[in-house]
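Here is upload.cif, consisting of mmCIF, N, CA and C atoms and all ligand atoms:
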```cif
data_coords
loop_
_atom_site.label_atom_id
_atom_site.label_comp_id
_atom_site.auth_asym_id
_atom_site.auth_seq_id
_atom_site.Cartn_x
_atom_site.Cartn_y
_atom_site.Cartn_z
N MET A 1 -20.25 -19.49 -9.37
CA MET A 1 -21.06 -19.68 -10.56
C MET A 1 -22.50 -19.91 -10.13
N LYS A 2 -23.40 -19.19 -10.79
CA LYS A 2 -24.82 -19.36 -10.49
C LYS A 2 -25.29 -20.70 -11.06
N GLU A 3 -25.87 -21.49 -10.20
CA GLU A 3 -26.20 -22.86 -10.56
C GLU A 3 -27.22 -22.97 -11.68
N THR A 4 -28.19 -22.10 -11.71
CA THR A 4 -29.25 -22.25 -12.71
C THR A 4 -29.02 -21.39 -13.96
N SER A 5 -28.24 -20.32 -13.86
CA SER A 5 -28.05 -19.45 -15.01
C SER A 5 -26.68 -19.60 -15.67
N GLY A 6 -25.70 -20.14 -14.98
CA GLY A 6 -24.36 -20.25 -15.53
C GLY A 6 -23.56 -18.96 -15.45
N ILE A 7 -24.13 -17.94 -14.81
CA ILE A 7 -23.42 -16.66 -14.69
C ILE A 7 -22.23 -16.84 -13.74
N LEU A 8 -21.10 -16.36 -14.21
CA LEU A 8 -19.87 -16.45 -13.43
C LEU A 8 -19.59 -15.08 -12.83
N GLU A 9 -19.49 -15.01 -11.52
CA GLU A 9 -19.27 -13.74 -10.83
C GLU A 9 -18.02 -13.83 -9.96
N THR A 10 -17.47 -12.66 -9.66
CA THR A 10 -16.36 -12.62 -8.71
C THR A 10 -16.92 -12.39 -7.31
N THR A 11 -16.16 -12.81 -6.33
CA THR A 11 -16.55 -12.54 -4.95
C THR A 11 -15.67 -11.45 -4.34
N ALA A 12 -14.71 -10.96 -5.13
CA ALA A 12 -13.82 -9.90 -4.65
C ALA A 12 -13.37 -9.08 -5.86
N ILE A 13 -12.87 -7.90 -5.61
CA ILE A 13 -12.33 -7.06 -6.68
C ILE A 13 -11.03 -7.69 -7.18
N LEU A 14 -10.90 -7.77 -8.50
CA LEU A 14 -9.71 -8.38 -9.10
C LEU A 14 -8.65 -7.30 -9.32
N ASP A 15 -7.43 -7.58 -8.91
CA ASP A 15 -6.33 -6.63 -9.02
C ASP A 15 -5.19 -7.30 -9.78
N ARG A 16 -4.95 -6.84 -11.00
CA ARG A 16 -3.91 -7.45 -11.83
C ARG A 16 -2.54 -7.37 -11.17
N GLU A 17 -2.31 -6.31 -10.38
CA GLU A 17 -1.00 -6.19 -9.74
C GLU A 17 -0.82 -7.22 -8.62
N GLN A 18 -1.89 -7.79 -8.15
CA GLN A 18 -1.80 -8.87 -7.16
C GLN A 18 -1.75 -10.25 -7.82
N ARG A 19 -2.56 -10.41 -8.84
CA ARG A 19 -2.62 -11.68 -9.55
C ARG A 19 -3.20 -11.43 -10.93
N ASP A 20 -2.53 -11.98 -11.98
CA ASP A 20 -2.97 -11.66 -13.34
C ASP A 20 -3.69 -12.79 -14.04
N LYS A 21 -3.86 -13.94 -13.38
CA LYS A 21 -4.52 -15.05 -14.04
C LYS A 21 -5.14 -15.97 -13.00
N TYR A 22 -6.31 -16.47 -13.34
CA TYR A 22 -6.98 -17.45 -12.48
C TYR A 22 -7.40 -18.63 -13.33
N LEU A 23 -7.16 -19.81 -12.84
CA LEU A 23 -7.66 -21.03 -13.46
C LEU A 23 -8.73 -21.56 -12.54
N LEU A 24 -9.94 -21.63 -13.05
CA LEU A 24 -11.04 -22.10 -12.22
C LEU A 24 -10.93 -23.60 -12.05
N THR A 25 -10.97 -24.04 -10.84
CA THR A 25 -10.87 -25.46 -10.56
C THR A 25 -12.25 -26.00 -10.28
N GLY A 26 -12.49 -27.21 -10.73
CA GLY A 26 -13.79 -27.83 -10.56
C GLY A 26 -13.91 -28.52 -9.23
N THR A 27 -15.08 -29.10 -9.02
CA THR A 27 -15.28 -29.85 -7.78
C THR A 27 -14.45 -31.12 -7.83
N TYR A 28 -14.01 -31.53 -6.68
CA TYR A 28 -13.03 -32.61 -6.59
C TYR A 28 -13.53 -33.91 -7.22
N TYR A 29 -14.73 -34.29 -6.94
CA TYR A 29 -15.17 -35.61 -7.42
C TYR A 29 -15.29 -35.67 -8.93
N LEU A 30 -15.65 -34.52 -9.55
CA LEU A 30 -15.71 -34.53 -11.00
C LEU A 30 -14.32 -34.55 -11.61
N ASN A 31 -13.38 -33.81 -11.02
CA ASN A 31 -12.04 -33.75 -11.58
C ASN A 31 -11.26 -35.04 -11.35
N LEU A 32 -11.75 -35.94 -10.51
CA LEU A 32 -11.11 -37.25 -10.37
C LEU A 32 -11.12 -37.99 -11.69
N PHE A 33 -12.16 -37.75 -12.46
CA PHE A 33 -12.33 -38.50 -13.70
C PHE A 33 -11.93 -37.69 -14.93
N HIS A 34 -11.69 -36.42 -14.76
CA HIS A 34 -11.33 -35.57 -15.88
C HIS A 34 -10.17 -34.69 -15.44
N ASN A 35 -9.12 -34.68 -16.22
CA ASN A 35 -7.91 -33.99 -15.80
C ASN A 35 -8.04 -32.48 -15.81
N CYS A 36 -8.67 -31.92 -16.81
CA CYS A 36 -8.56 -30.48 -17.01
C CYS A 36 -9.84 -29.68 -16.82
N PRO A 37 -10.99 -30.12 -17.32
CA PRO A 37 -12.15 -29.23 -17.28
C PRO A 37 -12.49 -28.76 -15.88
N SER A 38 -12.99 -27.56 -15.80
CA SER A 38 -13.26 -27.01 -14.48
C SER A 38 -14.70 -26.56 -14.30
N VAL A 39 -15.43 -26.36 -15.39
CA VAL A 39 -16.84 -26.00 -15.24
C VAL A 39 -17.68 -26.99 -16.03
N TYR A 40 -18.84 -27.23 -15.55
CA TYR A 40 -19.69 -28.27 -16.13
C TYR A 40 -21.10 -27.74 -16.32
N ALA A 41 -21.73 -28.23 -17.36
CA ALA A 41 -23.17 -28.05 -17.54
C ALA A 41 -23.73 -29.46 -17.59
N PHE A 42 -24.70 -29.74 -16.74
CA PHE A 42 -25.22 -31.11 -16.72
C PHE A 42 -26.72 -31.07 -16.53
N ASP A 43 -27.33 -32.15 -16.99
CA ASP A 43 -28.77 -32.26 -16.82
C ASP A 43 -29.08 -33.00 -15.53
N ASN A 44 -30.31 -33.21 -15.28
CA ASN A 44 -30.71 -33.84 -14.02
C ASN A 44 -31.14 -35.28 -14.22
N THR A 45 -30.52 -35.93 -15.19
CA THR A 45 -30.87 -37.33 -15.46
C THR A 45 -29.91 -38.25 -14.74
N TYR A 46 -30.24 -39.50 -14.76
CA TYR A 46 -29.31 -40.50 -14.25
C TYR A 46 -29.21 -41.63 -15.27
N PRO A 47 -28.03 -41.98 -15.79
CA PRO A 47 -26.77 -41.30 -15.49
C PRO A 47 -26.75 -39.89 -16.07
N VAL A 48 -26.03 -39.03 -15.42
CA VAL A 48 -26.00 -37.62 -15.79
C VAL A 48 -25.34 -37.43 -17.16
N LYS A 49 -25.87 -36.53 -17.93
CA LYS A 49 -25.26 -36.13 -19.20
C LYS A 49 -24.73 -34.71 -19.00
N TYR A 50 -23.53 -34.46 -19.52
CA TYR A 50 -22.90 -33.17 -19.24
C TYR A 50 -21.92 -32.79 -20.32
N ASP A 51 -21.50 -31.55 -20.28
CA ASP A 51 -20.37 -31.05 -21.06
C ASP A 51 -19.49 -30.27 -20.09
N ALA A 52 -18.24 -30.10 -20.48
CA ALA A 52 -17.29 -29.47 -19.57
C ALA A 52 -16.38 -28.52 -20.33
N ALA A 53 -15.87 -27.56 -19.63
CA ALA A 53 -14.94 -26.60 -20.22
C ALA A 53 -13.97 -26.13 -19.15
N THR A 54 -12.87 -25.61 -19.60
CA THR A 54 -11.90 -25.00 -18.69
C THR A 54 -11.96 -23.50 -18.87
N ILE A 55 -12.01 -22.78 -17.78
CA ILE A 55 -12.04 -21.32 -17.86
C ILE A 55 -10.76 -20.78 -17.23
N ILE A 56 -10.06 -20.01 -18.02
CA ILE A 56 -8.90 -19.29 -17.52
C ILE A 56 -9.24 -17.82 -17.59
N VAL A 57 -9.15 -17.13 -16.49
CA VAL A 57 -9.48 -15.70 -16.44
C VAL A 57 -8.18 -14.91 -16.42
N ASN A 58 -7.94 -14.16 -17.50
CA ASN A 58 -6.78 -13.27 -17.56
C ASN A 58 -7.24 -11.88 -17.13
N ILE A 59 -6.59 -11.32 -16.14
CA ILE A 59 -6.94 -9.99 -15.66
C ILE A 59 -6.19 -8.96 -16.50
N VAL A 60 -6.93 -8.13 -17.20
CA VAL A 60 -6.35 -7.12 -18.09
C VAL A 60 -6.05 -5.86 -17.28
N ASP A 61 -4.88 -5.33 -17.50
CA ASP A 61 -4.45 -4.17 -16.73
C ASP A 61 -5.24 -2.91 -17.09
N VAL A 62 -5.52 -2.10 -16.09
CA VAL A 62 -5.98 -0.73 -16.30
C VAL A 62 -4.98 0.19 -15.61
N ASN A 63 -4.96 1.43 -16.04
CA ASN A 63 -3.98 2.38 -15.53
C ASN A 63 -4.45 2.93 -14.18
N ASP A 64 -4.29 2.15 -13.13
CA ASP A 64 -4.78 2.55 -11.81
C ASP A 64 -3.66 2.88 -10.82
N HIS A 65 -2.44 2.96 -11.31
CA HIS A 65 -1.33 3.38 -10.46
C HIS A 65 -0.62 4.57 -11.11
N GLU A 66 -0.21 5.52 -10.30
CA GLU A 66 0.56 6.63 -10.82
C GLU A 66 2.04 6.36 -10.53
N PRO A 67 2.92 6.95 -11.36
CA PRO A 67 4.34 6.80 -11.07
C PRO A 67 4.67 7.37 -9.69
N GLU A 68 5.57 6.72 -8.99
CA GLU A 68 6.01 7.21 -7.69
C GLU A 68 7.52 7.37 -7.73
N LEU A 69 7.95 8.59 -7.43
CA LEU A 69 9.38 8.85 -7.38
C LEU A 69 9.96 8.22 -6.13
N THR A 70 11.15 7.65 -6.29
CA THR A 70 11.83 7.14 -5.12
C THR A 70 12.24 8.32 -4.25
N LYS A 71 12.28 8.13 -2.99
CA LYS A 71 12.56 9.21 -2.05
C LYS A 71 14.06 9.48 -2.01
N PRO A 72 14.49 10.67 -1.69
CA PRO A 72 13.67 11.84 -1.42
C PRO A 72 13.19 12.49 -2.71
N VAL A 73 11.99 13.04 -2.69
CA VAL A 73 11.42 13.65 -3.87
C VAL A 73 12.06 15.01 -4.14
N CYS A 74 12.23 15.82 -3.10
CA CYS A 74 12.82 17.14 -3.25
C CYS A 74 14.11 17.17 -2.45
N LEU A 75 15.19 17.37 -3.13
CA LEU A 75 16.46 17.33 -2.41
C LEU A 75 17.40 18.39 -2.96
N PRO A 76 18.24 18.92 -2.12
CA PRO A 76 19.27 19.82 -2.64
C PRO A 76 20.38 18.99 -3.29
N LEU A 77 20.81 19.47 -4.42
CA LEU A 77 21.95 18.83 -5.07
C LEU A 77 23.13 19.78 -4.93
N ASN A 78 24.12 19.38 -4.22
CA ASN A 78 25.30 20.21 -4.01
C ASN A 78 26.35 19.80 -5.04
N VAL A 79 26.56 20.70 -5.99
CA VAL A 79 27.44 20.39 -7.11
C VAL A 79 28.59 21.39 -7.10
N PRO A 80 29.79 20.93 -7.14
CA PRO A 80 30.91 21.86 -7.18
C PRO A 80 30.89 22.68 -8.47
N GLU A 81 31.29 23.95 -8.34
CA GLU A 81 31.33 24.80 -9.52
C GLU A 81 32.46 24.37 -10.45
N ASN A 82 32.36 24.83 -11.65
CA ASN A 82 33.37 24.59 -12.68
C ASN A 82 33.52 23.12 -13.06
N VAL A 83 32.50 22.33 -12.78
CA VAL A 83 32.59 20.94 -13.24
C VAL A 83 32.06 20.90 -14.67
N PRO A 84 32.60 20.03 -15.47
CA PRO A 84 32.08 19.93 -16.85
C PRO A 84 30.64 19.42 -16.82
N ILE A 85 30.01 19.51 -17.96
CA ILE A 85 28.63 19.01 -18.07
C ILE A 85 28.61 17.58 -17.58
N THR A 86 27.76 17.33 -16.65
CA THR A 86 27.77 16.00 -16.03
C THR A 86 26.36 15.63 -15.58
N ASN A 87 26.23 14.42 -15.21
CA ASN A 87 24.97 13.93 -14.66
C ASN A 87 24.85 14.42 -13.23
N LEU A 88 23.88 15.31 -13.00
CA LEU A 88 23.68 15.84 -11.66
C LEU A 88 22.97 14.86 -10.74
N HIS A 89 21.99 14.21 -11.31
CA HIS A 89 21.18 13.32 -10.49
C HIS A 89 20.30 12.51 -11.43
N THR A 90 19.92 11.34 -11.02
CA THR A 90 18.99 10.52 -11.81
C THR A 90 17.72 10.29 -11.00
N LEU A 91 16.62 10.78 -11.55
CA LEU A 91 15.32 10.50 -10.93
C LEU A 91 14.90 9.09 -11.28
N ILE A 92 14.35 8.41 -10.33
CA ILE A 92 13.82 7.07 -10.58
C ILE A 92 12.38 7.04 -10.08
N ALA A 93 11.48 6.65 -10.97
CA ALA A 93 10.08 6.51 -10.60
C ALA A 93 9.61 5.11 -11.00
N ASN A 94 8.76 4.55 -10.20
CA ASN A 94 8.19 3.23 -10.48
C ASN A 94 6.68 3.36 -10.62
N ASP A 95 6.14 2.57 -11.52
CA ASP A 95 4.70 2.56 -11.74
C ASP A 95 4.26 1.09 -11.70
N GLY A 96 3.29 0.80 -10.87
CA GLY A 96 2.90 -0.58 -10.65
C GLY A 96 2.10 -1.22 -11.76
N ASP A 97 1.73 -0.44 -12.79
CA ASP A 97 0.92 -0.99 -13.86
C ASP A 97 1.78 -1.78 -14.85
N HIS A 98 1.08 -2.37 -15.82
CA HIS A 98 1.72 -3.27 -16.77
C HIS A 98 1.77 -2.61 -18.16
N GLY A 99 2.78 -2.92 -18.94
CA GLY A 99 2.88 -2.45 -20.32
C GLY A 99 2.91 -0.94 -20.41
N ASP A 100 2.19 -0.40 -21.41
CA ASP A 100 2.17 1.05 -21.61
C ASP A 100 1.68 1.79 -20.37
N ASN A 101 0.79 1.17 -19.60
CA ASN A 101 0.27 1.82 -18.39
C ASN A 101 1.35 2.01 -17.33
N GLY A 102 2.45 1.28 -17.45
CA GLY A 102 3.51 1.38 -16.45
C GLY A 102 4.76 2.09 -16.94
N LEU A 103 4.73 2.58 -18.20
CA LEU A 103 5.89 3.30 -18.72
C LEU A 103 5.97 4.68 -18.07
N VAL A 104 7.16 5.10 -17.76
CA VAL A 104 7.36 6.38 -17.08
C VAL A 104 8.25 7.27 -17.95
N SER A 105 7.87 8.53 -18.10
CA SER A 105 8.69 9.53 -18.77
C SER A 105 9.00 10.64 -17.77
N TYR A 106 10.01 11.42 -18.06
CA TYR A 106 10.44 12.48 -17.15
C TYR A 106 10.49 13.80 -17.90
N ALA A 107 10.23 14.88 -17.21
CA ALA A 107 10.29 16.19 -17.83
C ALA A 107 10.48 17.25 -16.76
N ILE A 108 11.09 18.36 -17.15
CA ILE A 108 11.11 19.56 -16.31
C ILE A 108 9.97 20.44 -16.80
N ILE A 109 9.06 20.75 -15.92
CA ILE A 109 7.92 21.60 -16.27
C ILE A 109 8.05 22.88 -15.46
N GLY A 110 8.02 24.01 -16.14
CA GLY A 110 8.22 25.27 -15.45
C GLY A 110 9.55 25.86 -15.90
N GLU A 111 10.18 26.59 -15.03
CA GLU A 111 11.42 27.22 -15.41
C GLU A 111 12.44 27.05 -14.29
N LEU A 112 13.69 27.15 -14.68
CA LEU A 112 14.74 27.08 -13.70
C LEU A 112 14.76 28.36 -12.89
N ILE A 113 14.90 28.26 -11.64
CA ILE A 113 14.98 29.44 -10.77
C ILE A 113 16.45 29.59 -10.37
N TYR A 114 16.99 30.75 -10.75
CA TYR A 114 18.39 31.00 -10.43
C TYR A 114 18.45 31.74 -9.12
N GLY A 115 19.35 31.34 -8.30
CA GLY A 115 19.46 31.99 -7.01
C GLY A 115 20.90 32.32 -6.68
N LYS A 116 21.07 33.23 -5.78
CA LYS A 116 22.40 33.56 -5.29
C LYS A 116 22.23 33.93 -3.83
N ASP A 117 22.86 33.14 -2.99
CA ASP A 117 22.77 33.49 -1.58
C ASP A 117 24.09 33.34 -0.89
CA CA B 201 0.31 3.89 -14.42
CA CA B 202 -3.06 -1.69 -13.08
#
```
Using the file provided, produce a representation of the structure as structure tokens.
Ligand SMILES: [Ca+2]
Ligand SMILES: [Ca+2]
Amino acid sequence: MKETSGILETTAILDREQRDKYLLTGTYYLNLFHNCPSVYAFDNTYPVKYDAATIIVNIVDVNDHEPELTKPVCLPLNVPENVPITNLHTLIANDGDHGDNGLVSYAIIGELIYGKD
């Protein structure tokens, strides 16, 4: 926190996937007398006059991760012929984001290629 302007800045890039909330803690000697407040505005008088507040920083998610398919991504599926309609395989993808940014959908894009060898 800038001492003369009150501007609150980060010293590192905030990553919601690493940590989604910060509670700013105040200086030790001031918090000895006050349980919760973490930031203070005070004048330069003696005795000092001040006000205090608690700041909780919630890190809001942005869509900065893409879905990742579990390995192997491309694999042959060996399926016996004449089996009834069945589940051939289940793709699983994970997305590190939160909420709608982390929802994953699946689709076949393109066309099936029929082969005979
Ligand atoms: Ca995402
Ligand atoms: Ca994110």
In Å to one decimal, how far is atom C of Asp64 in chain A from CA of Leu103 in chain A?
-> 12.4 Å
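Taking atom N of Asn58 in chain A and atom N of Thr10 in chain A as endpoints, the distance between them is 12.4 Å.
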So how far away is atom C of Arg19 in chain A from atom N of Tyr40 in chain A, in Å?
->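 Atom-to-atom, atom N of Tyr40 in chain A and atom C of Arg19 in chain A are spaced 22.7 Å apart.
Counting only N, CA and C atoms and all ligand atoms, the residue from A:Val104, A:Ile13, A:Leu77, A:Ile113 that sits nearest to ligand CA 201 (chain B) is A:Val104.
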Check which residues fall inside 8 Å of ligand CA 202 (chain B) when counting only N, CA and C atoms and all ligand atoms, and print them as a PyMOL selection string.
-> chain A and resi 15-18+60-65+95-98+101-102
Writing out the chosen residues with N, CA and C atoms as a JSON list (two decimals), keeping the file's coordinate frame:
```
[["chain", "number", "residue", "atom", "x", "y", "z"],
["A", 15, "ASP", "N", -7.43, -7.58, -8.91],
["A", 15, "ASP", "CA", -6.33, -6.63, -9.02],
["A", 15, "ASP", "C", -5.19, -7.30, -9.78],
["A", 16, "ARG", "N", -4.95, -6.84, -11.00],
["A", 16, "ARG", "CA", -3.91, -7.45, -11.83],
["A", 16, "ARG", "C", -2.54, -7.37, -11.17],
["A", 17, "GLU", "N", -2.31, -6.31, -10.38],
["A", 17, "GLU", "CA", -1.00, -6.19, -9.74],
["A", 17, "GLU", "C", -0.82, -7.22, -8.62],
["A", 18, "GLN", "N", -1.89, -7.79, -8.15],
["A", 18, "GLN", "CA", -1.80, -8.87, -7.16],
["A", 18, "GLN", "C", -1.75, -10.25, -7.82],
["A", 60, "VAL", "N", -6.93, -8.13, -17.20],
["A", 60, "VAL", "CA", -6.35, -7.12, -18.09],
["A", 60, "VAL", "C", -6.05, -5.86, -17.28],
["A", 61, "ASP", "N", -4.88, -5.33, -17.50],
["A", 61, "ASP", "CA", -4.45, -4.17, -16.73],
["A", 61, "ASP", "C", -5.24, -2.91, -17.09],
["A", 62, "VAL", "N", -5.52, -2.10, -16.09],
["A", 62, "VAL", "CA", -5.98, -0.73, -16.30],
["A", 62, "VAL", "C", -4.98, 0.19, -15.61],
["A", 63, "ASN", "N", -4.96, 1.43, -16.04],
["A", 63, "ASN", "CA", -3.98, 2.38, -15.53],
["A", 63, "ASN", "C", -4.45, 2.93, -14.18],
["A", 64, "ASP", "N", -4.29, 2.15, -13.13],
["A", 64, "ASP", "CA", -4.78, 2.55, -11.81],
["A", 64, "ASP", "C", -3.66, 2.88, -10.82],
["A", 65, "HIS", "N", -2.44, 2.96, -11.31],
["A", 65, "HIS", "CA", -1.33, 3.38, -10.46],
["A", 65, "HIS", "C", -0.62, 4.57, -11.11],
["A", 95, "ASP", "N", 6.14, 2.57, -11.52],
["A", 95, "ASP", "CA", 4.70, 2.56, -11.74],
["A", 95, "ASP", "C", 4.26, 1.09, -11.70],
["A", 96, "GLY", "N", 3.29, 0.80, -10.87],
["A", 96, "GLY", "CA", 2.90, -0.58, -10.65],
["A", 96, "GLY", "C", 2.10, -1.22, -11.76],
["A", 97, "ASP", "N", 1.73, -0.44, -12.79],
["A", 97, "ASP", "CA", 0.92, -0.99, -13.86],
["A", 97, "ASP", "C", 1.78, -1.78, -14.85],
["A", 98, "HIS", "N", 1.08, -2.37, -15.82],
["A", 98, "HIS", "CA", 1.72, -3.27, -16.77],
["A", 98, "HIS", "C", 1.77, -2.61, -18.16],
["A", 101, "ASN", "N", 0.79, 1.17, -19.60],
["A", 101, "ASN", "CA", 0.27, 1.82, -18.39],
["A", 101, "ASN", "C", 1.35, 2.01, -17.33],
["A", 102, "GLY", "N", 2.45, 1.28, -17.45],
["A", 102, "GLY", "CA", 3.51, 1.38, -16.45],
["A", 102, "GLY", "C", 4.76, 2.09, -16.94]]
```
Option closest in space to ligand CA 201 (chain B), from A:Leu23, A:Pro80, A:Tyr106, A:Glu68 [counting only C-alpha atoms and all ligand atoms] |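 Selected residue with least distance to ligand CA 201 (chain B): A:Glu68.
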Select from range 13-108 of chain A everything DSSP, run on the backbone, classes as alpha helix (DSSP H), then give the selection as JSON, numbers by chain.
-> {"A": [28, 29, 30, 31]}
Select, from A:Ala93, A:Pro76, A:Thr45, A:Lys116, the residue with the minimum atom-to-atom distance to ligand CA 201 (chain B), counting only C-alpha atoms and all ligand atoms.
->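 Of A:Ala93, A:Pro76, A:Thr45, A:Lys116, the one nearest ligand CA 201 (chain B), counting only C-alpha atoms and all ligand atoms, is A:Ala93.
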Centre, edges in Å (one decimal): axis-aligned box, range 60-72 of chain A, 4 Å padding on all six sides, as AutoDock Vina command-line options:
```
--center_x 3.8 --center_y 2.2 --center_z -9.8 --size_x 29.4 --size_y 28.6 --size_z 24.7
```
